[in-house]
Structure formats: structure tokens, C-alpha cells
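What follows is the content of final-v5.cif, which has mmCIF, C-alpha atoms and all ligand atoms:
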data_model
#
loop_
_atom_site.label_atom_id
_atom_site.label_comp_id
_atom_site.auth_asym_id
_atom_site.auth_seq_id
_atom_site.Cartn_x
_atom_site.Cartn_y
_atom_site.Cartn_z
CA MET D 118 71.59 96.15 121.52
CA ALA D 119 67.98 95.77 120.42
CA SER D 120 67.28 93.03 117.95
CA PRO D 121 64.68 93.96 115.34
CA ALA D 122 62.63 90.92 116.36
CA GLY D 123 62.78 91.80 120.09
CA HIS D 124 59.72 91.46 122.29
CA PRO D 125 58.51 94.74 123.80
CA LEU D 126 57.55 94.98 127.46
CA ASN D 127 56.22 98.30 128.67
CA VAL D 128 56.30 98.73 132.44
CA ALA D 129 54.32 101.53 134.08
CA LEU D 130 56.01 103.19 137.07
CA PRO D 131 54.12 104.16 140.21
CA ALA D 132 53.20 107.86 140.37
CA GLY D 133 56.06 109.98 141.73
CA THR D 134 58.83 107.62 140.60
CA ALA D 135 60.92 110.07 138.61
CA LEU D 136 63.99 108.40 137.14
CA THR D 137 66.25 111.37 136.41
CA GLY D 138 69.93 112.34 136.76
CA GLU D 139 72.18 109.92 138.66
CA ALA D 140 69.22 107.65 139.53
CA ALA D 141 68.44 107.23 135.83
CA LYS D 142 72.12 106.55 135.05
CA THR D 143 72.33 103.88 137.76
CA PHE D 144 69.01 102.32 136.71
CA ARG D 145 70.14 102.11 133.06
CA GLU D 146 73.31 100.29 134.16
CA GLN D 147 71.56 97.88 136.50
CA ILE D 148 68.44 96.98 134.51
CA TYR D 149 70.38 94.37 132.49
CA TYR D 150 71.09 92.38 135.65
CA VAL D 151 67.37 91.98 136.41
CA ASP D 152 66.87 89.43 133.63
CA SER D 153 69.33 88.19 131.04
CA ALA D 154 66.64 88.48 128.32
CA ILE D 155 66.65 92.31 128.59
CA GLU D 156 68.25 93.70 125.43
CA ASP D 157 67.39 97.35 125.49
CA CYS D 158 65.79 99.87 127.80
CA ALA D 159 64.19 103.25 127.03
CA LEU D 160 62.99 105.58 129.79
CA ALA D 161 59.72 107.33 128.97
CA ASP D 162 57.56 109.61 131.09
CA GLY D 163 56.24 107.38 133.88
CA ALA D 164 57.16 104.17 132.09
CA ILE D 165 60.04 101.94 131.09
CA ASN D 166 60.00 100.39 127.64
CA LEU D 167 62.06 97.22 127.49
CA THR D 168 63.04 95.12 124.53
CA LEU D 169 63.44 91.45 125.40
CA GLN D 170 65.31 88.75 123.52
CA THR D 171 62.56 86.22 124.21
CA GLN D 172 58.95 86.36 125.34
CA PRO D 173 59.07 86.33 129.18
CA ALA D 174 57.53 83.26 130.86
CA ASP D 175 55.89 85.55 133.43
CA ALA D 176 55.67 89.15 132.19
CA ALA D 177 53.92 90.40 135.35
CA ALA D 178 56.67 88.99 137.62
CA LEU D 179 59.38 90.58 135.46
CA ALA D 180 57.51 93.91 135.47
CA ASP D 181 57.39 93.74 139.29
CA LYS D 182 61.18 93.30 139.46
CA VAL D 183 61.71 96.26 137.11
CA VAL D 184 59.41 98.44 139.25
CA THR D 185 61.27 97.32 142.41
CA LEU D 186 64.63 98.29 140.88
CA ALA D 187 63.22 101.66 139.70
CA THR D 188 61.54 102.63 142.97
CA LYS D 189 64.44 101.49 145.18
CA THR D 190 66.95 103.32 142.98
CA VAL D 191 64.93 106.56 143.07
CA GLU D 192 64.53 106.26 146.87
CA SER D 193 68.23 105.60 147.32
CA PHE D 194 69.16 108.89 145.63
CA ARG D 195 66.52 110.96 147.43
CA ARG D 196 68.88 112.06 150.20
CA VAL D 197 72.03 112.19 148.08
CA GLN D 198 73.54 115.62 147.53
CA THR D 199 76.47 116.10 145.20
CA LYS D 200 79.15 118.56 146.29
CA THR D 201 81.70 119.81 143.76
CA VAL D 202 85.18 120.39 145.20
CA PHE D 203 86.71 121.87 142.04
CA GLU D 204 86.06 122.08 138.33
CA PHE D 205 88.55 122.92 135.58
CA VAL D 206 87.70 123.77 131.98
CA GLY D 207 91.21 122.70 130.94
CA GLN D 208 92.53 123.16 127.40
CA PRO D 209 91.21 120.23 125.36
CA THR D 210 92.32 120.30 121.72
CA ASN D 211 90.28 117.37 120.37
CA ASP D 212 86.60 116.47 120.20
CA GLN D 213 86.79 113.20 118.23
CA ASP D 214 86.51 109.72 119.75
CA PRO D 215 90.06 108.26 119.70
CA PHE D 216 88.81 104.68 120.09
CA PRO D 217 88.53 103.83 116.34
CA HIS D 218 92.12 105.05 115.77
CA LEU D 219 93.43 103.09 118.77
CA THR D 220 91.85 99.84 117.55
CA GLN D 221 92.67 100.39 113.85
CA THR D 222 96.35 100.93 114.69
CA ARG D 223 96.19 97.86 116.98
CA GLN D 224 97.35 99.79 120.02
CA VAL D 225 94.16 98.52 121.67
CA ILE D 226 93.16 95.01 120.60
CA PRO D 227 89.79 93.57 121.70
CA SER D 228 90.20 90.07 123.13
CA GLY D 229 86.82 89.48 124.74
CA ILE D 230 83.80 91.33 126.07
CA GLY D 231 85.33 94.24 127.98
CA THR D 232 88.89 92.88 127.84
CA PHE D 233 91.73 94.27 125.73
CA THR D 234 95.40 93.73 124.93
CA TYR D 235 97.50 96.91 124.74
CA GLN D 236 100.67 97.62 122.80
CA GLY D 237 102.63 100.47 121.23
CA THR D 238 102.15 104.08 122.31
CA PHE D 239 98.93 103.41 124.21
CA LEU D 240 100.80 100.92 126.39
CA LYS D 241 103.54 103.52 126.94
CA VAL D 242 100.87 105.98 128.12
CA MET D 243 99.43 103.37 130.51
CA ARG D 244 102.90 102.58 131.86
CA GLY D 245 103.76 106.28 132.12
CA LEU D 246 100.63 106.88 134.19
CA ASP D 247 101.47 104.00 136.52
CA GLU D 248 105.05 105.19 136.95
CA PHE D 249 103.89 108.77 137.62
CA PHE D 250 101.55 107.68 140.43
CA ARG D 251 104.04 105.06 141.69
CA ARG D 252 106.66 107.81 142.14
CA PHE D 253 104.09 109.88 144.01
CA ALA D 254 103.31 106.93 146.33
CA VAL D 255 107.02 106.32 146.94
CA SER D 256 107.51 110.02 147.74
CA LEU D 257 105.01 109.49 150.57
CA ASP D 258 107.03 106.50 151.81
CA ALA D 259 104.40 103.97 150.71
CA VAL D 260 105.31 100.30 151.04
CA GLU D 261 105.09 98.88 147.50
CA GLN D 262 103.20 95.63 147.02
CA SER D 263 102.66 93.22 144.11
CA TYR D 264 99.43 91.25 144.05
CA PRO D 265 97.93 87.99 142.76
CA THR D 266 94.81 87.93 140.56
CA THR D 267 92.28 86.43 142.96
CA VAL D 268 91.11 86.97 146.51
CA PRO D 269 89.34 84.39 148.72
CA ALA D 270 85.66 84.41 147.72
CA ASN D 271 84.57 83.97 151.32
CA ASN D 272 86.24 87.23 152.32
CA LEU D 273 84.19 89.10 149.68
CA ALA D 274 81.14 87.77 151.53
CA THR D 275 82.38 88.82 154.98
CA ASN D 276 83.69 92.24 153.86
CA GLY D 277 80.29 93.15 152.41
CA TYR D 278 81.24 93.24 148.71
CA LEU D 279 78.98 90.41 147.57
CA GLY D 280 76.07 91.87 149.53
CA ALA D 281 76.46 95.36 148.04
CA PHE D 282 77.64 94.51 144.51
CA PRO D 283 76.42 90.95 143.68
CA HIS D 284 75.97 92.03 140.05
CA HIS D 285 79.69 92.81 139.62
CA ALA D 286 81.11 89.60 141.15
CA LEU D 287 83.21 87.22 139.05
CA LEU D 288 83.77 83.98 140.93
CA VAL D 289 86.41 81.42 140.03
CA SER D 290 85.71 77.71 140.20
CA ALA D 291 87.72 74.63 139.32
CA ALA D 292 86.11 71.68 137.54
CA LYS D 293 84.61 69.08 139.86
CA ASN D 294 87.22 66.54 140.72
CA ASP D 295 85.61 63.46 139.26
CA PHE D 296 86.32 61.57 136.09
CA ASP D 297 82.97 62.26 134.35
CA SER D 298 82.85 65.98 135.22
CA LEU D 299 86.37 66.54 133.90
CA GLY D 300 85.41 64.75 130.69
CA ALA D 301 82.26 66.84 130.29
CA LEU D 302 83.88 70.25 130.97
CA SER D 303 85.09 71.12 127.48
CA GLY D 304 81.84 70.06 125.81
CA ALA D 305 79.68 71.96 128.30
CA VAL D 306 81.67 75.21 127.86
CA ALA D 307 81.59 74.89 124.05
CA ALA D 308 77.81 74.36 124.19
CA GLY D 309 77.28 77.36 126.48
CA GLU D 310 75.98 75.15 129.30
CA THR D 311 76.78 75.40 133.01
CA PRO D 312 79.72 73.02 133.39
CA PRO D 313 80.19 70.71 136.40
CA LEU D 314 82.07 73.06 138.73
CA SER D 315 83.08 72.87 142.36
CA ALA D 316 81.95 75.64 144.74
CA PRO D 317 83.91 78.87 144.07
CA THR D 318 86.65 79.44 146.63
CA GLN D 319 88.33 82.36 144.82
CA ALA D 320 87.08 85.51 143.12
CA LEU D 321 88.71 87.78 140.57
CA SER D 322 89.55 90.79 142.69
CA PRO D 323 87.26 93.76 141.98
CA THR D 324 89.68 96.23 143.60
CA VAL D 325 93.37 96.61 144.41
CA CYS D 326 92.87 97.38 148.07
CA TYR D 327 91.25 94.03 148.90
CA HIS D 328 94.62 92.43 148.10
CA CYS D 329 96.26 94.80 150.56
CA PHE D 330 93.69 93.98 153.25
CA GLU D 331 94.32 90.25 152.63
CA SER D 332 98.04 90.83 153.14
CA LEU D 333 97.35 92.49 156.50
CA LYS D 334 94.62 90.11 157.72
CA ALA D 335 94.72 89.69 161.52
CA GLN D 336 97.95 91.75 161.70
CA GLN D 337 98.91 94.60 163.98
CA ILE D 338 100.33 97.60 162.13
CA PRO D 339 101.85 100.87 163.46
CA ALA D 340 99.11 102.69 165.38
CA ALA D 341 100.17 106.08 163.96
CA GLY D 342 99.47 104.95 160.41
CA ALA D 343 100.70 102.99 157.42
CA LEU D 344 100.60 103.46 153.67
CA PHE D 345 100.77 100.83 150.91
CA SER D 346 100.59 101.02 147.13
CA GLY D 347 100.37 98.61 144.23
CA THR D 348 98.90 98.10 140.78
CA ALA D 349 96.64 95.23 139.77
CA HIS D 350 94.12 94.18 137.20
CA CYS D 351 90.63 94.58 138.63
CA HIS D 352 87.64 92.62 137.37
CA ARG D 353 83.95 93.41 137.43
CA ASN D 354 81.05 91.83 135.59
CA GLU D 355 79.73 94.83 133.67
CA GLY D 356 77.33 92.71 131.64
CA LYS D 357 75.93 94.63 128.71
CA ASN D 358 77.42 97.93 129.92
CA VAL D 359 80.93 97.41 128.54
CA THR D 360 81.92 100.09 126.04
CA THR D 361 85.18 101.21 124.39
CA LEU D 362 87.73 101.94 127.13
CA ALA D 363 85.24 103.73 129.36
CA ARG D 364 83.82 100.60 131.00
CA LEU D 365 85.71 97.33 131.04
CA GLN D 366 85.42 93.93 132.62
CA THR D 367 89.18 93.87 133.31
CA PHE D 368 90.98 97.13 133.95
CA THR D 369 94.23 98.36 135.47
CA MET D 370 94.31 100.36 138.66
CA ARG D 371 96.94 101.66 141.06
CA GLU D 372 95.76 102.27 144.57
CA LEU D 373 97.22 103.95 147.62
CA ILE D 374 95.81 102.26 150.72
CA PHE D 375 96.22 103.99 154.05
CA PHE D 376 95.55 103.23 157.70
CA GLY D 377 95.62 105.22 160.92
CA PRO D 378 93.48 107.01 163.47
CA ALA D 379 90.42 108.65 161.85
CA PRO D 380 91.96 112.17 161.50
CA ALA D 381 95.15 110.74 159.93
CA VAL D 382 93.13 108.83 157.34
CA GLU D 383 91.18 111.97 156.39
CA LYS D 384 94.38 114.04 156.27
CA ARG D 385 96.04 111.48 153.99
CA ARG D 386 93.02 111.36 151.67
CA GLN D 387 93.03 115.18 151.48
CA GLN D 388 96.77 115.20 150.71
CA ILE D 389 96.24 112.77 147.81
CA MET D 390 93.25 114.78 146.52
CA ASP D 391 95.44 117.92 146.59
CA HIS D 392 98.05 116.12 144.48
CA ALA D 393 95.32 115.08 142.00
CA ARG D 394 94.10 118.69 141.78
CA ASP D 395 97.62 120.02 141.15
CA THR D 396 98.22 117.29 138.56
CA VAL D 397 95.08 117.78 136.47
CA LYS D 398 95.52 121.55 136.64
CA ALA D 399 99.09 121.29 135.36
CA TRP D 400 98.02 118.88 132.62
CA GLY D 401 95.18 121.16 131.43
CA LEU D 402 92.59 118.39 131.79
CA ALA D 403 88.92 119.34 131.69
CA CYS D 404 87.55 117.63 134.80
CA LYS D 405 85.82 117.98 138.13
CA LEU D 406 86.14 116.46 141.59
CA LEU D 407 82.88 115.75 143.37
CA THR D 408 81.25 113.59 146.02
CA ALA D 409 79.94 110.30 144.66
CA CYS D 410 78.20 107.04 145.54
CA ASP D 411 79.12 103.45 144.79
CA PRO D 412 76.90 101.47 142.38
CA PHE D 413 75.12 99.53 145.15
CA PHE D 414 72.55 97.04 143.90
CA VAL D 415 69.00 97.28 145.35
CA SER D 416 69.53 95.58 148.73
CA GLY D 417 70.30 98.24 151.31
CA ALA D 418 71.25 100.75 148.63
CA GLN D 419 69.04 103.44 150.11
CA ALA D 420 70.75 103.56 153.52
CA LYS D 421 74.23 103.05 152.06
CA ARG D 422 73.92 105.84 149.47
CA ALA D 423 72.47 108.34 151.94
CA TYR D 424 75.20 107.56 154.48
CA GLN D 425 78.03 107.65 151.94
CA SER D 426 76.79 110.99 150.65
CA ALA D 427 76.16 112.56 154.07
CA MET D 428 79.61 111.53 155.35
CA ALA D 429 81.41 112.40 152.05
CA LEU D 430 83.01 108.95 152.12
CA LYS D 431 83.67 108.95 148.38
CA TYR D 432 84.97 111.56 145.95
CA GLU D 433 85.47 110.95 142.26
CA LEU D 434 87.64 112.70 139.70
CA GLN D 435 85.42 112.88 136.63
CA VAL D 436 87.29 113.70 133.45
CA THR D 437 85.49 115.10 130.40
CA LEU D 438 85.14 113.11 127.17
CA PRO D 439 84.49 115.96 124.70
CA HIS D 440 83.14 113.68 121.94
CA LEU D 441 80.38 112.47 124.26
CA ASN D 442 79.87 115.77 126.06
CA ASP D 443 80.04 113.61 129.18
CA SER D 444 82.64 112.55 131.72
CA ILE D 445 84.03 109.35 133.23
CA SER D 446 85.30 108.70 136.70
CA CYS D 447 89.08 108.21 136.46
CA ALA D 448 90.01 108.19 140.15
CA SER D 449 88.20 107.73 143.45
CA PHE D 450 89.14 108.85 146.94
CA ASN D 451 87.51 106.66 149.57
CA HIS D 452 87.19 106.70 153.34
CA HIS D 453 86.21 103.24 154.64
CA GLN D 454 85.91 104.35 158.27
CA GLY D 455 86.31 101.22 160.42
CA THR D 456 84.43 98.77 158.21
CA LEU D 457 87.26 97.02 156.36
CA VAL D 458 89.85 96.97 159.15
CA LYS D 459 87.17 95.37 161.32
CA SER D 460 86.25 92.79 158.70
CA TYR D 461 89.93 91.88 158.14
CA GLU D 462 90.76 92.10 161.90
CA ILE D 463 93.54 94.65 161.39
CA THR D 464 94.48 96.63 164.50
CA GLY D 465 97.10 99.13 165.56
CA GLN D 466 100.01 97.97 167.71
CA GLY D 467 98.87 97.89 171.32
CA GLY D 468 95.33 97.16 170.14
CA ALA D 469 94.51 100.72 168.98
CA ALA D 470 91.44 101.01 166.75
CA LEU D 471 92.24 102.04 163.20
CA GLN D 472 90.39 103.28 160.17
CA SER D 473 91.31 102.99 156.51
CA GLY D 474 90.97 104.69 153.16
CA CYS D 475 92.08 104.16 149.59
CA VAL D 476 92.62 106.13 146.41
CA GLY D 477 92.47 104.36 143.05
CA TYR D 478 93.57 105.65 139.64
CA GLY D 479 92.04 103.82 136.65
CA PHE D 480 94.62 103.82 133.87
CA GLU D 481 92.51 102.75 130.88
CA ARG D 482 90.04 105.53 131.65
CA LEU D 483 92.74 108.13 132.32
CA ALA D 484 94.53 107.20 129.10
CA TYR D 485 91.25 107.26 127.16
CA ALA D 486 90.44 110.69 128.62
CA LEU D 487 93.90 112.01 127.67
CA TYR D 488 93.50 110.74 124.08
CA SER D 489 89.94 112.12 124.00
CA GLN D 490 91.02 115.62 125.09
CA PHE D 491 94.40 115.91 123.36
CA GLY D 492 94.03 113.67 120.28
CA THR D 493 95.78 110.59 118.97
CA ALA D 494 99.17 112.26 118.22
CA VAL D 495 100.88 111.90 121.59
CA GLU D 496 103.82 114.07 120.46
CA THR D 497 101.42 117.06 120.35
CA TRP D 498 100.11 116.58 123.89
CA PRO D 499 100.78 119.42 126.37
CA GLY D 500 104.38 119.56 127.65
CA PRO D 501 103.49 118.94 131.33
CA VAL D 502 101.60 115.74 130.38
CA ARG D 503 104.49 114.49 128.25
CA THR D 504 107.01 115.26 130.99
CA ALA D 505 104.87 113.46 133.58
CA LEU D 506 104.36 110.35 131.43
CA PHE D 507 107.52 110.09 129.36
CA GLY D 508 110.02 112.21 131.27
CA GLY D 509 110.15 114.90 128.56
ZN ZN W 601 90.19 100.53 147.23
#

How does this structure look as C-alpha cells?
Ligand SMILES: [Zn+2]
Amino acid sequence: MASPAGHPLNVALPAGTALTGEAAKTFREQIYYVDSAIEDCALADGAINLTLQTQPADAAALADKVVTLATKTVESFRRVQTKTVFEFVGQPTNDQDPFPHLTQTRQVIPSGIGTFTYQGTFLKVMRGLDEFFRRFAVSLDAVEQSYPTTVPANNLATNGYLGAFPHHALLVSAAKNDFDSLGALSGAVAAGETPPLSAPTQALSPTVCYHCFESLKAQQIPAAGALFSGTAHCHRNEGKNVTTLARLQTFTMRELIFFGPAPAVEKRRQQIMDHARDTVKAWGLACKLLTACDPFFVSGAQAKRAYQSAMALKYELQVTLPHLNDSISCASFNHHQGTLVKSYEITGQGGAALQSGCVGYGFERLAYALYSQFGTAVETWPGPVRTALFGG
């Protein structure tokens, strides 16, 4: 949010750096991680107009970083082509933002930046969604799992997460084990200072599937394939990008995580995408399924985005929010190839090489999209949605 007394910094972009479409969207999300003083960002023709909280110590150095982010982001999308698998117009009956109603009726209660407590009907919708996709996972003979909150921080370094998404990481540290540090902890936190912490050994898990990989670390699993499913809170530092229920720091996701030879992984992913298509069609949801890229941060983003796009390693189900005339990604369908099984040393029995994939359904976003398209009176939602979520 721009403060009226903000300091302007106008950064000229090199000729040919056109920040448009997905590149512009990604840049807008990532600019706030470049410097914590950045309050607001407006894209103009050939320039970026920033509003800063404080006068920068070195404006030229900051401008350089902004240009680096802009040029690398544009380059990284140059070879990305988006393919649409299907698109449904659905039958939305509402075009108002349901968020004010959900907070006023205390079904959704803000508890921090990007964190909420849920109760009442909204919670029933969230639970109904989880149960619907849990039943689907069980129908495929998935092994159900229940997960802790954290994963070992070191494994987020070795599996590539911290390299690709350093801006999203939330690391967990204990206070330093010494008398003075323990005494100083409360005061430092209250004063907004960096408290005396030990090195982080745990991280809040950014995904569900990393828990599953942890549970299978250095294990041999059936070479023909295996399927797991569970629900967990996922955590990502979204900085200044948190909004309503569309982008949260802590959100709830169910994933199906699958292993097998490469063709079996692709077949499984396709089967789960088919189920998603049948589901959204039956529910009358306005949405589309298309190829997508992860929000890689600068380093290596160019090669990663081009590869992910060329190999169709990621599809997203984007559901329309009529009040914004925009859509949010509510589910993703990912093929990891051999990268994660290798990192976690998971092999097939007899030493067979495996690949993996995962599908994740984000329940806050799905619930928000349902409320956005069908309104705040759940009893008037389409019959197939009510049957799926509440059993009738
Ligand atoms: Zn996953």
C-alpha cells in the first residue's frame, strides 16, 4: 500500500524489455522481495515507478536490482507457451466479492497477515471439499497419511526448493540455548528486532508432498507404482502479496502423490486431471485447465520455466472470480520426473528407477471460488456441488 509520504523511484527499463502478461504478473508479485522498503509498484511504458517507504541509501544499486528482476523475468517467459486443455463457461450466479460477508459473519476470522481461523458454514465447505477429494483418493487405493507441520530445512536445500523459491521460505528456529539469549527473546520480538536464534533446522512445509517424500526417504517402494494422499497446512512467505482468501501465508491443501515408471506417472496424472474435468463440469464452475510455470525467483528461472513449459510438467486449474474478472489457480497437476525421488533416494524394489508426480487441491481458494461464483447462501448452490460437499 502506498503511503502518501512515500519516496518515488522511477527505474528506466532497457529497450525491448516488455513486461506484459504472465511476466508482468510474476514481476508484480516478486518486486516486493527485492527490497523491504518497496511499498508500491506501477508499470509504465519502458519504466517502473516504485514508491518506497524510506529514501534508499543507494538508489542506483536498488534500480540495478529492479532492472535485473525485470529483464530476467521477461527472458524467462520468452520461450513459455501456454496450452489450454479445456475451458468451461460454467453457470455462475454471483458477481459480488463474498469476502466481506465471510468476515462480517465471522466464518473467516483474520488472525495474522495471510492467516485465518475458519468456522461455521465456510468450515463445512472446506471440510466437504477435503472429504470429496479424500474419497476420490481412497477410490484409487491411495495410502492415507497424516503429516507434521515442519520438514527438515536441510532437505529443502537439497531438493532444490530453497534455490528456486528463496522468497517463499519460512524457516523455524529455536532461541539460542544460553541464559542471556533466552532472557532477551521476548524483548527483541516485541521491539521488532532480530532475536538471538539458533540456526534453523526445520522449515514450515511449503507443500504436502514434501512430507510424503520425507516419509519415504531412502526407502524402496513397489516398482510398478504407489499412491499416497494426505491433507496439510502449507506455508509460504507471500510478503505484501497476501489478499483475501486468494493468496495466503498458511493454506490447506490435499495432495495425491504418485510414483512409478515414467508412463505410469503420466497416466496417473491424466486420470486425476480427467476426474477434475468431470468434477468442475458437473459443478458448473467457470474455469480452465492450462499449462503453467512455478513462481521461480530470478536464479535459473529462465531455464526452469522454458523446460517446465516445453515438457508440460505443470498444469493448473484456474477458476474464475467473477467480481475480479480474473481467475485463481485452485489445483495443480505436476510431473516431477526423476528429480525428487533422486533427491530423497527413493527407488523401486529391485533398484528400479522411478519418477513421481503430485496433484494438489487448495481448499481456501476452491471454497472462495465457489462462494464467488454461487454466492454466500450455500443452500442455493447447484445440486451437484451440494451433493459432493454435504452429501445432499
Ligand atoms: Zn506436491

Just give me the gap between atom CA of Val495 of chain D and atom CA of Pro215 of chain D in Å, one decimal is fine.
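The value is 11.6 Å.
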
Which protein, DNA or RNA residues have an atom within 6 Å of ligand ZN 601 (chain W), counting only C-alpha atoms and all ligand atoms, as a list in words?
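Every residue with an atom at most 6 Å from ligand ZN 601 (chain W) is listed here: Thr324, Val325, Cys326 and Cys475 of chain D.
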
What lies within 12 Å of segment 308-312 of chain D using all atoms listed in the file, ignoring chain neighbours under 2 positions off, as a list in words?
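Non-adjacent residues within range: Ser290, Ala291, Ala292, Lys293, Asp297, Ser298, Leu299, Gly300, Ala301, Leu302, Ser303, Gly304, Ala305, Val306, Leu314, Ser315 and Ala316 of chain D.
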
Which is closest to Gln262 of chain D among D:Leu130, D:Leu434, D:Val242, D:Leu344, if we use all atoms listed in the file?
D:Leu344

Using all atoms listed in the file, which of D:Leu438, D:Ala505, D:Ala164, D:Leu126 sits nearest Asp214 of chain D?
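Ranking D:Leu438, D:Ala505, D:Ala164, D:Leu126 by distance to Asp214 of chain D, first place goes to D:Leu438.
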
Give me, as an MDAnalysis selection string, all polymer residues having an atom no more than 12 Å from Ala469 of chain D, counting only C-alpha atoms and skipping those fewer than 5 positions away in the same chain.
chainID D and resid 337:342 376:379 455 458:459 462:464
